[in-house]
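Everything on this sheet refers to the single structure shown next.
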Amino acid sequence: MDIQYLLFLQNLREASGGFFDEFFNALSKFAVDILPFLPYVVFWCVNKKWGYRFLATTWLGEILNGVIKLTVCAYRPWIRSAEINPAGDSKTAATGYSFPSGHTLVGTVQYGTTAVWQWSKRKWLSIICLVLLLLTAFSRNFLGVHTPQDVLVGLAEGIVLIVLVGIVQKALESKEKAKDILTFIGIAVMIGILIYITVKPYPMDYDAEGKLLVDPQKMMNDCYKACGGFLGFLIGSFVERHFIHFEIPKGSARLPILACIGFALMFAWKELFAPATIVAGLGGHWGNFIARCVMVLFALIVWPIVIKKSCSKGNALTEKAAA
């Protein structure tokens with residue numbers, strides 16, 4: 001039934017001459033290439049508490065999604081059925097196993113958390129986010145890269161995590177010792193996950209020509225990224241809470257440009273410099289792990305210090321000029 005549904009959407013795609021392909025492809029790419037930087041911008045210059053909530057939900061979601069993918073090991077739709085012809089470069093660009101949908105998970109976490117955050121302040125923005133969330137989820141089916149169950153479980157993952165992280169954050173407010181205990185528990189869990197995904201057996205199926213259908217070593221890369229990012233979040237938040245004590249310098253004229261520079265540096269590291277250096281040198285597993293960890297540590301430790309010092313200097317110069 002799931003393949004028949006994808007074939008129905010594929011027929012619609014072909015009947016429209018691919019008119020909607022680029023729109024839905026752009027929605028999908030935006031969800032995983034741009035949206036994941038939203039939590040850092042929120043943390044640096046909008047609301048530190050919600051920044052932490054975004055980040056916790058994001059990295060827990062990435063970890064959970066990766067573990068489920070590598071446990072179930074579901075093949076992509078075009079491997080299950082030769083009739084499926086996904087749009088664009090999906091056959092070569094898709095990473096990880098099929099179930100659940102990582103794009104849907106990321107879109108749900110980012111759009112969903114924004115909708116919850118803004119519901120009482122800007123309901124119109126929350127509604128737009130919910131519409132974009134549903135469109136992003138549907139895009140994975142429309143493009144032929146995920147089955148309905150992939151998308152529904154990715155959606156459910158995100159919703160459950162949004163609720164749970166909100167509850168835990170509220171319960172741990174002003175309880176620094178409890179936060180520290182959770183930090184060390186999180187590191188232990190992350191180590192356990194790395195051991196699990198590395199040593200567990202994976203399906204080794206071959207096509208008629210003797211070629212491996214799916215290389216499990218490549219499928220592990222996304223989970224290594226998630227573990228690296230999660231470790232960066234745990235260490236970075238610990239250091240920030242105990243030693244940096246970052247407070248958003250609201251009203252500072254330098255803050256917007258500093259946030260833009262921080263975003264640009266992180267984007268360049270993720271898309272350009274990390275793949276060309278650490279990942280190229282250490283490989284897809286540990287290269288991606290270290291690259292993500294470094295990126296998140298930069299966001300939670302280095303850049304808050306830069307913002308703090310730069311904005312303080314800017315305020316001092318402003319006061320001097322006024323005097």
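A note on labels: chains of the structure tokens are A, B, ... as shown, every chain counts residues from 1, and ligands are counted from 1 in their shown order.
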
| task | Using only C-alpha atoms, determine which residues lie at most 8 Å from Ile290 in chain A, disregarding the query and same-chain residues fewer than 5 positions distant; provide the list as a PyMOL selection string. | result | chain A and resi 225+228+278

| All residues 12 Å or closer to range 240-251 of chain A, only C-alpha atoms, same chain fewer than 5 positions away omitted, as number ranges by chain | A: 41-49, 51-52, 174-177, 179-180, 183, 232-235, 256, 258-259, 296-315

Next, dump the selected residues to file, keeping only N, CA and C atoms, as a short mmCIF file (atom, residue, chain, number, x, y, z; two decimals), in the first residue's frame.
data_model
loop_
_atom_site.label_atom_id
_atom_site.label_comp_id
_atom_site.auth_asym_id
_atom_site.auth_seq_id
_atom_site.Cartn_x
_atom_site.Cartn_y
_atom_site.Cartn_z
N VAL A 41 20.97 31.03 16.52
CA VAL A 41 20.60 32.44 16.41
C VAL A 41 19.69 32.83 17.57
N VAL A 42 18.74 31.95 17.90
CA VAL A 42 17.85 32.19 19.04
C VAL A 42 18.67 32.28 20.33
N PHE A 43 19.62 31.38 20.50
CA PHE A 43 20.46 31.36 21.70
C PHE A 43 21.30 32.62 21.82
N TRP A 44 21.89 33.09 20.71
CA TRP A 44 22.78 34.24 20.74
C TRP A 44 22.07 35.57 20.94
N CYS A 45 20.90 35.73 20.32
CA CYS A 45 20.36 37.09 20.32
C CYS A 45 18.85 37.24 20.52
N VAL A 46 18.15 36.16 20.84
CA VAL A 46 16.70 36.31 21.03
C VAL A 46 16.28 35.88 22.43
N ASN A 47 16.48 34.59 22.76
CA ASN A 47 16.03 34.07 24.05
C ASN A 47 16.89 32.86 24.41
N LYS A 48 17.75 33.01 25.39
CA LYS A 48 18.70 31.96 25.75
C LYS A 48 17.98 30.68 26.20
N LYS A 49 16.95 30.81 26.99
CA LYS A 49 16.21 29.66 27.49
C LYS A 49 15.62 28.85 26.34
N GLY A 51 16.63 29.03 23.27
CA GLY A 51 17.75 28.52 22.48
C GLY A 51 18.19 27.17 22.97
N TYR A 52 18.31 27.02 24.29
CA TYR A 52 18.68 25.74 24.87
C TYR A 52 17.61 24.67 24.60
N SER A 174 16.68 26.21 37.40
CA SER A 174 17.40 26.61 38.62
C SER A 174 17.96 25.42 39.41
N LYS A 175 18.00 24.23 38.82
CA LYS A 175 18.57 23.05 39.48
C LYS A 175 19.86 22.66 38.75
N GLU A 176 20.92 23.38 39.03
CA GLU A 176 22.18 23.19 38.32
C GLU A 176 22.79 21.80 38.54
N LYS A 177 22.67 21.28 39.76
CA LYS A 177 23.25 19.97 40.05
C LYS A 177 22.55 18.89 39.22
N LYS A 179 21.09 19.32 36.37
CA LYS A 179 21.52 19.51 34.97
C LYS A 179 22.88 18.86 34.74
N ASP A 180 23.77 19.02 35.73
CA ASP A 180 25.10 18.41 35.61
C ASP A 180 25.02 16.88 35.59
N THR A 183 23.92 15.82 32.29
CA THR A 183 25.01 15.99 31.32
C THR A 183 25.89 14.74 31.28
N GLY A 232 28.89 17.84 21.71
CA GLY A 232 29.21 19.26 21.71
C GLY A 232 28.20 20.06 22.52
N PHE A 233 26.93 19.69 22.39
CA PHE A 233 25.88 20.37 23.16
C PHE A 233 26.04 20.12 24.66
N LEU A 234 26.32 18.88 25.05
CA LEU A 234 26.47 18.55 26.47
C LEU A 234 27.65 19.28 27.10
N ILE A 235 28.81 19.21 26.43
CA ILE A 235 30.01 19.87 26.96
C ILE A 235 29.86 21.39 26.89
N PRO A 256 23.13 42.09 15.96
CA PRO A 256 22.64 41.50 14.70
C PRO A 256 23.77 41.07 13.76
N LEU A 258 26.86 40.38 14.55
CA LEU A 258 27.61 39.27 15.15
C LEU A 258 26.87 37.95 14.96
N ALA A 259 25.54 37.98 15.06
CA ALA A 259 24.75 36.78 14.84
C ALA A 259 24.88 36.32 13.38
N VAL A 296 29.37 22.77 17.35
CA VAL A 296 28.48 23.10 18.46
C VAL A 296 29.25 23.75 19.62
N LEU A 297 30.48 23.29 19.87
CA LEU A 297 31.30 23.92 20.90
C LEU A 297 31.59 25.38 20.54
N PHE A 298 31.84 25.63 19.27
CA PHE A 298 32.04 27.00 18.81
C PHE A 298 30.80 27.84 19.11
N ALA A 299 29.63 27.29 18.85
CA ALA A 299 28.38 28.04 19.01
C ALA A 299 28.06 28.33 20.47
N LEU A 300 28.41 27.41 21.37
CA LEU A 300 28.02 27.56 22.78
C LEU A 300 29.12 28.14 23.67
N ILE A 301 30.35 28.10 23.20
CA ILE A 301 31.46 28.60 24.03
C ILE A 301 32.17 29.78 23.38
N VAL A 302 32.71 29.56 22.20
CA VAL A 302 33.54 30.60 21.55
C VAL A 302 32.72 31.82 21.16
N TRP A 303 31.63 31.60 20.43
CA TRP A 303 30.90 32.76 19.92
C TRP A 303 30.19 33.57 21.01
N PRO A 304 29.64 32.94 22.05
CA PRO A 304 29.09 33.75 23.16
C PRO A 304 30.14 34.64 23.81
N ILE A 305 31.38 34.15 23.93
CA ILE A 305 32.45 34.99 24.49
C ILE A 305 32.72 36.17 23.57
N VAL A 306 32.77 35.90 22.26
CA VAL A 306 32.99 36.97 21.28
C VAL A 306 31.87 38.01 21.38
N ILE A 307 30.64 37.55 21.42
CA ILE A 307 29.50 38.47 21.51
C ILE A 307 29.56 39.28 22.80
N LYS A 308 29.86 38.60 23.88
CA LYS A 308 29.91 39.25 25.19
C LYS A 308 30.95 40.37 25.22
N LYS A 309 32.15 40.07 24.74
CA LYS A 309 33.24 41.05 24.78
C LYS A 309 33.01 42.16 23.76
N SER A 310 32.58 41.81 22.56
CA SER A 310 32.39 42.80 21.52
C SER A 310 31.27 43.79 21.87
N CYS A 311 30.16 43.27 22.38
CA CYS A 311 29.04 44.14 22.73
C CYS A 311 29.37 45.00 23.95
N SER A 312 30.13 44.46 24.89
CA SER A 312 30.54 45.26 26.06
C SER A 312 31.43 46.41 25.63
N LYS A 313 32.35 46.12 24.71
CA LYS A 313 33.23 47.15 24.18
C LYS A 313 32.43 48.20 23.41
N GLY A 314 31.46 47.74 22.64
CA GLY A 314 30.63 48.66 21.88
C GLY A 314 29.80 49.57 22.78
N ASN A 315 29.26 49.02 23.87
CA ASN A 315 28.49 49.83 24.81
C ASN A 315 29.37 50.85 25.50
#

| field | Proximity to Leu182 in chain A - best of A:Phe238, A:Lys270, A:Glu14, A:Ile197, only C-alpha atoms | value |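 The closest residue to Leu182 in chain A is A:Phe238.
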
| request: Do a neighbour search on range 126-143 of chain A at 7 Å with only C-alpha atoms, toss out local chain neighbours closer than 3 positions, and write the hits as a list of chain:residue names. | output: A:Leu6, A:Leu9, A:Gln10, A:Asp21, A:Phe24, A:Leu27, A:Ser28, A:Pro86, A:Ala87, A:Thr104, A:Gly107, A:Thr108, A:Tyr111, A:Gly112, A:Thr114, A:Ala115, A:Gln118, A:Trp119, A:Arg122, A:Lys123, A:His146, A:Thr147, A:Pro148, A:Val151

| message | Just want the 8 Å neighbourhood of Thr198 in chain A, counted on only C-alpha atoms, with same-chain residues fewer than 3 positions away dropped. Output as a list in words. | response |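 These residues fall inside the cut-off: Leu194, Ile195 and Met220 of chain A.
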
| query | Distance CA of Ile84 in chain A-CA of Asp33 in chain A, one decimal place? | reply |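 Computed distance, CA of Ile84 in chain A to CA of Asp33 in chain A, equals 25.4 Å.
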